>>> print(open('start-v7.cif').read())   # mmCIF, C-alpha atoms and all ligand atoms; chains and numbers go by the auth columns
data_data
loop_
_atom_site.group_PDB
_atom_site.id
_atom_site.type_symbol
_atom_site.label_atom_id
_atom_site.label_comp_id
_atom_site.label_asym_id
_atom_site.label_seq_id
_atom_site.Cartn_x
_atom_site.Cartn_y
_atom_site.Cartn_z
_atom_site.B_iso_or_equiv
_atom_site.auth_seq_id
_atom_site.auth_asym_id
ATOM 1 C CA MET A 1 87.941 87.711 110.228 0.00 14 X
ATOM 2 C CA ARG A 2 91.163 88.268 112.136 0.00 15 X
ATOM 3 C CA PRO A 3 94.250 86.528 110.721 0.00 16 X
ATOM 4 C CA TYR A 4 94.713 84.138 113.589 0.00 17 X
ATOM 5 C CA GLN A 5 91.055 83.103 113.593 0.00 18 X
ATOM 6 C CA HIS A 6 91.303 82.415 109.863 0.00 19 X
ATOM 7 C CA VAL A 7 94.287 80.173 110.474 0.00 20 X
ATOM 8 C CA ALA A 8 92.577 78.113 113.120 0.00 21 X
ATOM 9 C CA PHE A 9 89.749 77.584 110.661 0.00 22 X
ATOM 10 C CA ALA A 10 92.062 76.446 107.844 0.00 23 X
ATOM 11 C CA SER A 11 93.765 73.969 110.116 0.00 24 X
ATOM 12 C CA LEU A 12 90.418 72.677 111.359 0.00 25 X
ATOM 13 C CA VAL A 13 89.113 72.043 107.846 0.00 26 X
ATOM 14 C CA LEU A 14 92.193 70.097 106.863 0.00 27 X
ATOM 15 C CA THR A 15 92.405 67.888 109.910 0.00 28 X
ATOM 16 C CA ALA A 16 88.663 67.301 110.176 0.00 29 X
ATOM 17 C CA ALA A 17 88.384 66.365 106.507 0.00 30 X
ATOM 18 C CA VAL A 18 91.079 63.748 106.838 0.00 31 X
ATOM 19 C CA THR A 19 90.337 62.253 110.216 0.00 32 X
ATOM 20 C CA ALA A 20 86.533 62.276 110.294 0.00 33 X
ATOM 21 C CA SER A 21 84.391 59.606 108.662 0.00 34 X
ATOM 22 C CA GLY A 22 80.755 59.310 107.595 0.00 35 X
ATOM 23 C CA CYS A 23 80.143 63.019 107.467 0.00 36 X
ATOM 24 C CA SER A 24 78.507 65.777 105.574 0.00 37 X
ATOM 25 C CA THR A 25 78.586 66.309 101.812 0.00 38 X
ATOM 26 C CA ALA A 26 80.738 69.418 102.238 0.00 39 X
ATOM 27 C CA ARG A 27 83.293 67.480 104.217 0.00 40 X
ATOM 28 C CA GLU A 28 83.293 64.625 101.692 0.00 41 X
ATOM 29 C CA ASP A 29 83.801 67.168 98.949 0.00 42 X
ATOM 30 C CA ALA A 30 86.745 68.716 100.832 0.00 43 X
ATOM 31 C CA LYS A 31 88.215 65.270 101.337 0.00 44 X
ATOM 32 C CA LYS A 32 88.329 64.688 97.582 0.00 45 X
ATOM 33 C CA ARG A 33 90.495 67.760 97.179 0.00 46 X
ATOM 34 C CA ILE A 34 93.081 66.595 99.706 0.00 47 X
ATOM 35 C CA THR A 35 96.026 64.375 98.787 0.00 48 X
ATOM 36 C CA PRO A 36 97.801 62.860 101.788 0.00 49 X
ATOM 37 C CA GLU A 37 101.437 61.764 101.698 0.00 50 X
ATOM 38 C CA TYR A 38 102.979 59.322 104.192 0.00 51 X
ATOM 39 C CA ASP A 39 106.550 58.433 105.103 0.00 52 X
ATOM 40 C CA LYS A 40 107.936 54.893 104.898 0.00 53 X
ATOM 41 C CA ALA A 41 106.669 54.127 108.392 0.00 54 X
ATOM 42 C CA GLY A 42 103.157 55.051 107.295 0.00 55 X
ATOM 43 C CA ARG A 43 103.077 58.295 109.258 0.00 56 X
ATOM 44 C CA LEU A 44 101.165 61.188 107.728 0.00 57 X
ATOM 45 C CA ARG A 45 103.638 63.908 106.652 0.00 58 X
ATOM 46 C CA LEU A 46 101.864 66.137 104.157 0.00 59 X
ATOM 47 C CA LEU A 47 98.349 67.099 103.082 0.00 60 X
ATOM 48 C CA LYS A 48 98.074 68.805 99.720 0.00 61 X
ATOM 49 C CA TYR A 49 94.833 70.727 99.512 0.00 62 X
ATOM 50 C CA ASP A 50 93.078 72.226 96.500 0.00 63 X
ATOM 51 C CA SER A 51 90.996 74.712 98.470 0.00 64 X
ATOM 52 C CA LYS A 52 89.243 76.167 95.422 0.00 65 X
ATOM 53 C CA GLY A 53 88.478 72.807 93.798 0.00 66 X
ATOM 54 C CA ASP A 54 89.924 73.873 90.457 0.00 67 X
ATOM 55 C CA GLY A 55 92.517 71.111 90.229 0.00 68 X
ATOM 56 C CA THR A 56 95.456 73.206 91.504 0.00 69 X
ATOM 57 C CA VAL A 57 96.939 72.652 94.949 0.00 70 X
ATOM 58 C CA ASP A 58 97.286 75.937 96.864 0.00 71 X
ATOM 59 C CA THR A 59 97.712 74.736 100.457 0.00 72 X
ATOM 60 C CA TRP A 60 100.360 72.392 101.829 0.00 73 X
ATOM 61 C CA SER A 61 99.919 71.228 105.410 0.00 74 X
ATOM 62 C CA TYR A 62 103.059 69.604 106.825 0.00 75 X
ATOM 63 C CA MET A 63 102.080 67.048 109.430 0.00 76 X
ATOM 64 C CA ASP A 64 103.555 64.880 112.153 0.00 77 X
ATOM 65 C CA GLY A 65 100.855 62.233 112.162 0.00 78 X
ATOM 66 C CA ALA A 66 97.618 64.012 113.089 0.00 79 X
ATOM 67 C CA ARG A 67 99.498 67.088 114.314 0.00 80 X
ATOM 68 C CA VAL A 68 99.852 70.140 112.068 0.00 81 X
ATOM 69 C CA VAL A 69 103.424 71.439 112.070 0.00 82 X
ATOM 70 C CA ARG A 70 103.299 74.076 109.347 0.00 83 X
ATOM 71 C CA ILE A 71 100.880 75.184 106.651 0.00 84 X
ATOM 72 C CA GLU A 72 102.091 76.913 103.504 0.00 85 X
ATOM 73 C CA ILE A 73 99.541 78.743 101.367 0.00 86 X
ATOM 74 C CA ASP A 74 99.579 80.361 97.931 0.00 87 X
ATOM 75 C CA ARG A 75 96.687 82.701 98.650 0.00 88 X
ATOM 76 C CA ASN A 76 96.795 84.705 95.451 0.00 89 X
ATOM 77 C CA ARG A 77 97.462 81.579 93.381 0.00 90 X
ATOM 78 C CA ASP A 78 100.440 82.949 91.499 0.00 91 X
ATOM 79 C CA GLY A 79 102.506 79.797 92.001 0.00 92 X
ATOM 80 C CA THR A 80 104.570 80.996 94.981 0.00 93 X
ATOM 81 C CA ILE A 81 103.900 80.627 98.689 0.00 94 X
ATOM 82 C CA ASP A 82 102.875 83.871 100.364 0.00 95 X
ATOM 83 C CA ARG A 83 101.856 82.691 103.825 0.00 96 X
ATOM 84 C CA TRP A 84 103.529 80.316 106.272 0.00 97 X
ATOM 85 C CA GLU A 85 101.693 79.269 109.440 0.00 98 X
ATOM 86 C CA TYR A 86 103.688 77.694 112.260 0.00 99 X
ATOM 87 C CA TYR A 87 101.983 75.577 114.921 0.00 100 X
ATOM 88 C CA GLY A 88 103.322 74.586 118.326 0.00 101 X
ATOM 89 C CA PRO A 89 102.997 71.128 119.941 0.00 102 X
ATOM 90 C CA ASP A 90 99.668 72.229 121.463 0.00 103 X
ATOM 91 C CA GLN A 91 98.354 73.034 117.951 0.00 104 X
ATOM 92 C CA GLN A 92 98.229 76.731 118.746 0.00 105 X
ATOM 93 C CA LEU A 93 99.390 79.006 115.988 0.00 106 X
ATOM 94 C CA GLU A 94 102.748 80.467 117.036 0.00 107 X
ATOM 95 C CA LYS A 95 103.507 82.801 114.155 0.00 108 X
ATOM 96 C CA ILE A 96 102.653 83.621 110.558 0.00 109 X
ATOM 97 C CA GLY A 97 105.374 84.129 107.956 0.00 110 X
ATOM 98 C CA LEU A 98 104.728 86.641 105.169 0.00 111 X
ATOM 99 C CA SER A 99 106.566 87.782 102.050 0.00 112 X
ATOM 100 C CA ARG A 100 106.411 91.586 101.919 0.00 113 X
ATOM 101 C CA SER A 101 108.525 91.522 98.778 0.00 114 X
ATOM 102 C CA ASN A 102 106.108 88.967 97.328 0.00 115 X
ATOM 103 C CA ASN A 103 108.850 86.731 95.932 0.00 116 X
ATOM 104 C CA GLY A 104 107.962 83.434 97.577 0.00 117 X
ATOM 105 C CA LYS A 105 110.447 83.957 100.440 0.00 118 X
ATOM 106 C CA GLU A 106 109.535 84.824 104.021 0.00 119 X
ATOM 107 C CA ASP A 107 110.745 88.228 105.163 0.00 120 X
ATOM 108 C CA ALA A 108 108.293 89.083 107.979 0.00 121 X
ATOM 109 C CA TRP A 109 106.735 87.129 110.831 0.00 122 X
ATOM 110 C CA SER A 110 103.654 88.188 112.756 0.00 123 X
ATOM 111 C CA PHE A 111 102.742 87.228 116.317 0.00 124 X
ATOM 112 C CA ALA A 112 99.312 87.524 117.926 0.00 125 X
ATOM 113 C CA GLY A 113 98.444 89.086 121.259 0.00 126 X
ATOM 114 C CA PRO A 114 95.969 87.606 123.758 0.00 127 X
ATOM 115 C CA ASP A 115 93.020 89.018 121.752 0.00 128 X
ATOM 116 C CA GLY A 116 94.025 87.099 118.606 0.00 129 X
ATOM 117 C CA ALA A 117 94.944 90.251 116.691 0.00 130 X
ATOM 118 C CA VAL A 118 98.439 90.907 115.376 0.00 131 X
ATOM 119 C CA ALA A 119 100.535 92.410 118.183 0.00 132 X
ATOM 120 C CA ARG A 120 104.043 92.310 116.708 0.00 133 X
ATOM 121 C CA VAL A 121 105.638 91.883 113.299 0.00 134 X
ATOM 122 C CA GLU A 122 109.326 91.064 112.997 0.00 135 X
ATOM 123 C CA VAL A 123 110.811 92.098 109.657 0.00 136 X
ATOM 124 C CA SER A 124 113.996 91.223 107.811 0.00 137 X
ATOM 125 C CA THR A 125 114.238 94.361 105.675 0.00 138 X
ATOM 126 C CA ARG A 126 117.348 93.040 103.921 0.00 139 X
ATOM 127 C CA ARG A 127 115.525 89.765 103.305 0.00 140 X
ATOM 128 C CA ASP A 128 118.403 87.709 104.675 0.00 141 X
ATOM 129 C CA GLY A 129 116.502 86.200 107.611 0.00 142 X
ATOM 130 C CA THR A 130 118.006 88.610 110.160 0.00 143 X
ATOM 131 C CA ILE A 131 115.341 90.555 112.039 0.00 144 X
ATOM 132 C CA ASP A 132 116.276 94.239 111.860 0.00 145 X
ATOM 133 C CA ARG A 133 112.871 95.857 112.327 0.00 146 X
ATOM 134 C CA VAL A 134 110.102 95.167 114.834 0.00 147 X
ATOM 135 C CA GLU A 135 106.652 96.703 114.506 0.00 148 X
ATOM 136 C CA TYR A 136 104.132 96.843 117.343 0.00 149 X
ATOM 137 C CA TYR A 137 100.371 96.924 116.726 0.00 150 X
ATOM 138 C CA GLU A 138 97.341 97.736 118.861 0.00 151 X
ATOM 139 C CA HIS A 139 93.800 97.165 117.622 0.00 152 X
ATOM 140 C CA ASP A 140 95.182 96.303 114.153 0.00 153 X
ATOM 141 C CA ALA A 141 97.009 99.636 113.879 0.00 154 X
ATOM 142 C CA LEU A 142 100.757 100.205 113.836 0.00 155 X
ATOM 143 C CA VAL A 143 101.667 102.189 116.968 0.00 156 X
ATOM 144 C CA ARG A 144 105.451 102.038 117.015 0.00 157 X
ATOM 145 C CA ALA A 145 108.449 100.452 115.357 0.00 158 X
ATOM 146 C CA GLU A 146 112.149 100.099 115.990 0.00 159 X
ATOM 147 C CA GLU A 147 114.845 99.369 113.448 0.00 160 X
ATOM 148 C CA ASP A 148 118.534 98.589 113.145 0.00 161 X
ATOM 149 C CA THR A 149 119.281 100.659 110.059 0.00 162 X
ATOM 150 C CA ASP A 150 123.053 100.069 109.938 0.00 163 X
ATOM 151 C CA ALA A 151 122.987 96.310 110.605 0.00 164 X
ATOM 152 C CA ASP A 152 125.229 96.437 113.681 0.00 165 X
ATOM 153 C CA GLY A 153 122.754 94.392 115.739 0.00 166 X
ATOM 154 C CA ARG A 154 121.496 97.363 117.798 0.00 167 X
ATOM 155 C CA MET A 155 118.278 99.266 117.234 0.00 168 X
ATOM 156 C CA ASP A 156 119.008 102.867 116.225 0.00 169 X
ATOM 157 C CA LYS A 157 115.711 104.210 114.904 0.00 170 X
ATOM 158 C CA TRP A 158 112.419 104.458 116.743 0.00 171 X
ATOM 159 C CA GLU A 159 109.153 105.493 115.128 0.00 172 X
ATOM 160 C CA THR A 160 105.814 106.264 116.755 0.00 173 X
ATOM 161 C CA TYR A 161 102.480 106.441 114.969 0.00 174 X
ATOM 162 C CA ASP A 162 99.232 108.213 115.675 0.00 175 X
ATOM 163 C CA HIS A 163 96.350 106.534 113.815 0.00 176 X
ATOM 164 C CA ALA A 164 98.703 105.306 111.063 0.00 177 X
ATOM 165 C CA ARG A 165 100.293 108.764 110.766 0.00 178 X
ATOM 166 C CA LEU A 166 104.032 108.889 111.494 0.00 179 X
ATOM 167 C CA ALA A 167 104.195 111.034 114.639 0.00 180 X
ATOM 168 C CA SER A 168 107.883 110.917 115.525 0.00 181 X
ATOM 169 C CA VAL A 169 111.227 109.447 114.534 0.00 182 X
ATOM 170 C CA ALA A 170 114.096 109.185 117.007 0.00 183 X
ATOM 171 C CA LEU A 171 117.613 108.267 115.901 0.00 184 X
ATOM 172 C CA ASP A 172 120.790 107.095 117.568 0.00 185 X
ATOM 173 C CA THR A 173 123.314 108.593 115.177 0.00 186 X
ATOM 174 C CA MET A 174 126.221 108.504 117.648 0.00 187 X
ATOM 175 C CA HIS A 175 125.932 104.810 118.561 0.00 188 X
ATOM 176 C CA HIS A 176 125.317 105.392 122.263 0.00 189 X
ATOM 177 C CA GLY A 177 122.367 102.991 122.392 0.00 190 X
ATOM 178 C CA VAL A 178 119.913 105.846 123.046 0.00 191 X
ATOM 179 C CA PRO A 179 118.354 108.402 120.682 0.00 192 X
ATOM 180 C CA ASP A 180 120.342 111.598 120.218 0.00 193 X
ATOM 181 C CA ARG A 181 117.799 113.362 118.061 0.00 194 X
ATOM 182 C CA ARG A 182 114.073 113.174 117.579 0.00 195 X
ATOM 183 C CA LEU A 183 111.803 114.660 114.963 0.00 196 X
ATOM 184 C CA THR A 184 108.171 115.144 115.964 0.00 197 X
ATOM 185 C CA TYR A 185 105.570 115.627 113.266 0.00 198 X
ATOM 186 C CA GLY A 186 102.412 117.479 114.293 0.00 199 X
ATOM 187 C CA SER A 187 99.042 116.571 112.835 0.00 200 X
ATOM 188 C CA THR A 188 98.893 120.008 111.186 0.00 201 X
ATOM 189 C CA GLY A 189 102.182 119.518 109.314 0.00 202 X
ATOM 190 C CA THR A 190 104.500 121.113 111.873 0.00 203 X
ATOM 191 C CA THR A 191 107.884 119.546 112.593 0.00 204 X
ATOM 192 C CA SER A 192 109.996 120.036 115.691 0.00 205 X
ATOM 193 C CA MET A 193 113.394 118.641 116.531 0.00 206 X
ATOM 194 C CA GLU A 194 115.038 117.675 119.784 0.00 207 X
ATOM 195 C CA VAL A 195 118.687 116.786 120.134 0.00 208 X
ATOM 196 C CA ASN A 196 121.091 115.445 122.706 0.00 209 X
ATOM 197 C CA LEU A 197 124.764 116.114 122.199 0.00 210 X
ATOM 198 C CA GLU A 198 126.026 114.509 125.409 0.00 211 X
ATOM 199 C CA GLY A 199 125.101 110.925 124.611 0.00 212 X
ATOM 200 C CA ASP A 200 123.108 110.538 127.827 0.00 213 X
ATOM 201 C CA GLY A 201 119.729 110.251 126.100 0.00 214 X
ATOM 202 C CA ARG A 202 118.429 113.580 127.457 0.00 215 X
ATOM 203 C CA LEU A 203 116.607 115.144 124.508 0.00 216 X
ATOM 204 C CA LEU A 204 116.123 118.917 124.502 0.00 217 X
ATOM 205 C CA PRO A 205 114.447 121.229 121.999 0.00 218 X
ATOM 206 C CA LEU A 206 116.928 122.209 119.318 0.00 219 X
ATOM 207 C CA ALA A 207 117.217 125.865 120.463 0.00 220 X
ATOM 208 C CA ALA A 208 117.828 124.911 124.115 0.00 221 X
ATOM 209 C CA ALA A 209 120.392 122.256 123.203 0.00 222 X
ATOM 210 C CA ALA A 210 122.316 124.522 120.856 0.00 223 X
ATOM 211 C CA PRO A 211 125.590 126.074 122.018 0.00 224 X
ATOM 212 C CA ALA A 212 125.461 129.840 122.659 0.00 225 X
ATOM 213 C CA SER A 213 127.275 130.472 119.392 0.00 226 X
ATOM 214 C CA GLY A 214 124.246 129.268 117.468 0.00 227 X
ATOM 215 C CA ARG A 215 124.513 126.076 115.477 0.00 228 X
ATOM 216 C CA PRO A 216 123.864 122.881 117.444 0.00 229 X
ATOM 217 C CA GLY A 217 126.558 120.886 115.726 0.00 230 X
ATOM 218 C CA PRO A 218 124.834 117.503 115.122 0.00 231 X
ATOM 219 C CA ARG A 219 126.512 115.836 112.206 0.00 232 X
HETATM 220 CA CA CA B . 101.316 83.486 95.965 0.00 1 P
HETATM 221 CA CA CA B . 122.173 99.789 114.539 0.00 2 P
#
>>> encode(input="start-v7.cif", output="structure tokens")
Amino acid sequence: MRPYQHVAFASLVLTAAVTASGCSTAREDAKKRITPEYDKAGRLRLLKYDSKGDGTVDTWSYMDGARVVRIEIDRNRDGTIDRWEYYGPDQQLEKIGLSRSNNGKEDAWSFAGPDGAVARVEVSTRRDGTIDRVEYYEHDALVRAEEDTDADGRMDKWETYDHARLASVALDTMHHGVPDRRLTYGSTGTTSMEVNLEGDGRLLPLAAAAPASGRPGPR
């Protein structure tokens, strides 16, 4: 099941279990495992859900009345949240927060494309909330990524992938906003390099770009 379909299902179970009445045994059973919390005005704010029925809450659905705002889930049941689901006013899932470092803190956020599969993942590699890497996916496979490796707010590294294999890495080492060198990795293990010494983004094979004296001079 694709991640975004799973989410819609989780949200459906929670809201249906609470709002429906006179229903099936399964739904009644689910209802017993949900603890609602209300604010002083009597508005529903939180649903605590023991999805496994073992007496431990693993899903917290933050509500604005009947509307789901955010769902936090401890999927591996180690006591820390590892998935955050954010819903828009129309109850569509907007993004999913993940903890790649698995420490209970969000450091990556995934966004779905029109087909419901993950299309983009924004990553805070320094785990400070600042997005410094963006990964792009097609058909559940990583196809390219860009990264701000020196934290100056500008992307300076671009990767492309061929069926999960790193196919090329381009770098902006001179801070011109465009790549000035690119390494291409062949499927048979070959590596070739292109460079640009002028800062105009025009990449040429290393031999062609090199001065007549020999060495190309990239630092
Ligand atoms: Ca967890
Ligand atoms: Ca940068």
>>> residues_near_ligand(input="start-v7.cif", ligand="ligand CA 2 (chain P)", cutoff="12 Å", atoms="all atoms listed in the file", output="PyMOL selection string")
chain X and resi 144-146+159-171+184-192
>>> resolve_selection(input="start-v7.cif", expression="the PyMOL selection byres (((chain X and resi 121) around 8) and not hetatm)", output="list in words")
Gly110, Leu111, Ser112, Arg113, Glu119, Asp120, Trp122, Ser123, Val134, Glu135, Val136 and Ser137 of chain X
>>> closest_atom_pairs(input="start-v7.cif", of="chain X", to="ligand CA 1 (chain P)", cutoff="12 Å", atoms="all atoms listed in the file", output="tab-separated table")
residue	atom	partner	partner_atom	distance
X:Val70	CA	P:CA1	CA	11.7
X:Asp71	CA	P:CA1	CA	8.6
X:Thr72	CA	P:CA1	CA	10.5
X:Glu85	CA	P:CA1	CA	10.0
X:Ile86	CA	P:CA1	CA	7.4
X:Asp87	CA	P:CA1	CA	4.1
X:Arg88	CA	P:CA1	CA	5.4
X:Asn89	CA	P:CA1	CA	4.7
X:Arg90	CA	P:CA1	CA	5.0
X:Asp91	CA	P:CA1	CA	4.6
X:Gly92	CA	P:CA1	CA	5.5
X:Thr93	CA	P:CA1	CA	4.2
X:Ile94	CA	P:CA1	CA	4.7
X:Asp95	CA	P:CA1	CA	4.7
X:Arg96	CA	P:CA1	CA	7.9
X:Trp97	CA	P:CA1	CA	11.0
X:Leu111	CA	P:CA1	CA	10.3
X:Ser112	CA	P:CA1	CA	9.1
X:Arg113	CA	P:CA1	CA	11.3
X:Ser114	CA	P:CA1	CA	11.2
X:Asn115	CA	P:CA1	CA	7.4
X:Asn116	CA	P:CA1	CA	8.2
X:Gly117	CA	P:CA1	CA	6.8
X:Lys118	CA	P:CA1	CA	10.2
X:Glu119	CA	P:CA1	CA	11.6
>>> residues_around(input="start-v7.cif", residues="Gly66 of chain X", least_positions_apart="2", cutoff="10 Å", atoms="only C-alpha atoms", output="PyMOL selection string")
chain X and resi 42-43+45-47+62-64+68-71
>>> closest_residue(input="start-v7.cif", among="X:Leu216, X:Ala130, X:Val156, X:Leu179", to="Gly199 of chain X", atoms="only C-alpha atoms")
X:Leu179
>>> residues_near_point(input="start-v7.cif", point="(101.8, 78.5, 112.7)", cutoff="10 Å", atoms="all atoms listed in the file", output="ChimeraX atom specification")
/X:17,20-21,24,81-85,96-101,104-110,123-124
>>> residues_around(input="start-v7.cif", residues="segment 54-61 of chain X", least_positions_apart="5", cutoff="8 Å", atoms="only C-alpha atoms", output="ChimeraX atom specification")
/X:27,47-49,70-79
>>> atom_distance(input="start-v7.cif", atom1="atom CA of Leu210 of chain X", atom2="atom CA of Val147 of chain X")
26.6 Å
>>> closest_residue(input="start-v7.cif", among="X:Thr138, X:Asn209, X:Thr203, X:Thr197", to="Ala180 of chain X", atoms="all atoms listed in the file")
X:Thr197
>>> residues_around(input="start-v7.cif", residues="Val182 of chain X", least_positions_apart="5", cutoff="6 Å", atoms="only C-alpha atoms", output="compact mmCIF listing (two decimals) with C-alpha atoms, in the coordinates of the input")
# COMPACT_ATOMS: atom_id res chain seq x y z
CA TRP X 171 112.42 104.46 116.74
CA GLU X 172 109.15 105.49 115.13
CA ARG X 195 114.07 113.17 117.58
CA LEU X 196 111.80 114.66 114.96
>>> closest_residue(input="start-v7.cif", among="X:Glu148, X:Asp213, X:Asp103, X:Glu50", to="Val131 of chain X", atoms="all atoms listed in the file")
X:Glu148
>>> atom_distance(input="start-v7.cif", atom1="atom CA of Asp175 of chain X", atom2="atom CA of Val208 of chain X")
21.7 Å
>>> atom_distance(input="start-v7.cif", atom1="atom CA of Thr38 of chain X", atom2="atom CA of Asp52 of chain X")
29.2 Å
>>> residues_around(input="start-v7.cif", residues="Ala177 of chain X", least_positions_apart="4", cutoff="10 Å", atoms="only C-alpha atoms", output="list in words")
Ala154, Leu155, Val156, Arg157 and Thr173 of chain X
>>> write_last_selection(input="start-v7.cif", atoms="C-alpha atoms", output="PDB file, in the frame of the given file")
ATOM      1  CA  ALA X 154      97.009  99.636 113.879  1.00  0.00           C
ATOM      2  CA  LEU X 155     100.757 100.205 113.836  1.00  0.00           C
ATOM      3  CA  VAL X 156     101.667 102.189 116.968  1.00  0.00           C
ATOM      4  CA  ARG X 157     105.451 102.038 117.015  1.00  0.00           C
ATOM      5  CA  THR X 173     105.814 106.264 116.755  1.00  0.00           C
TER       6      THR X 173
END
>>> closest_residue(input="start-v7.cif", among="X:Lys53, X:Ser205, X:Ser200, X:Arg133", to="Ala183 of chain X", atoms="all atoms listed in the file")
X:Ser205
>>> closest_residue(input="start-v7.cif", among="X:Pro102, X:Arg194, X:Pro127, X:His176", to="Gly212 of chain X", atoms="all atoms listed in the file")
X:Arg194
>>> closest_residue(input="start-v7.cif", among="X:Ala220, X:Ala125, X:Gly214, X:Ala39", to="His152 of chain X", atoms="all atoms listed in the file")
X:Ala125
>>> build_atoms(input="start-v7.cif", residues="segment 96-108 of chain X", atoms="N, CA and C atoms", output="short mmCIF file (atom, residue, chain, number, x, y, z; two decimals), keeping the file's coordinate frame")
data_model
loop_
_atom_site.label_atom_id
_atom_site.label_comp_id
_atom_site.auth_asym_id
_atom_site.auth_seq_id
_atom_site.Cartn_x
_atom_site.Cartn_y
_atom_site.Cartn_z
N ARG X 96 102.23 82.73 102.40
CA ARG X 96 101.86 82.69 103.82
C ARG X 96 102.34 81.37 104.43
N TRP X 97 103.01 81.49 105.57
CA TRP X 97 103.53 80.32 106.27
C TRP X 97 102.97 80.35 107.70
N GLU X 98 102.29 79.30 108.10
CA GLU X 98 101.69 79.27 109.44
C GLU X 98 102.42 78.21 110.27
N TYR X 99 102.92 78.60 111.42
CA TYR X 99 103.69 77.69 112.26
C TYR X 99 102.89 77.35 113.51
N TYR X 100 102.77 76.05 113.77
CA TYR X 100 101.98 75.58 114.92
C TYR X 100 102.89 74.94 115.97
N GLY X 101 102.59 75.20 117.22
CA GLY X 101 103.32 74.59 118.33
C GLY X 101 102.78 73.20 118.63
N PRO X 102 103.42 72.48 119.58
CA PRO X 102 103.00 71.13 119.94
C PRO X 102 101.54 71.07 120.41
N ASP X 103 101.05 72.19 120.97
CA ASP X 103 99.67 72.23 121.46
C ASP X 103 98.69 72.62 120.36
N GLN X 104 99.17 72.70 119.13
CA GLN X 104 98.35 73.03 117.95
C GLN X 104 97.88 74.49 117.94
N GLN X 105 98.50 75.29 118.79
CA GLN X 105 98.23 76.73 118.75
C GLN X 105 99.14 77.36 117.70
N LEU X 106 98.59 78.31 116.98
CA LEU X 106 99.39 79.01 115.99
C LEU X 106 100.42 79.89 116.69
N GLU X 107 101.69 79.70 116.36
CA GLU X 107 102.75 80.47 117.04
C GLU X 107 103.12 81.72 116.27
N LYS X 108 103.18 81.61 114.95
CA LYS X 108 103.51 82.80 114.16
C LYS X 108 103.09 82.57 112.71
#
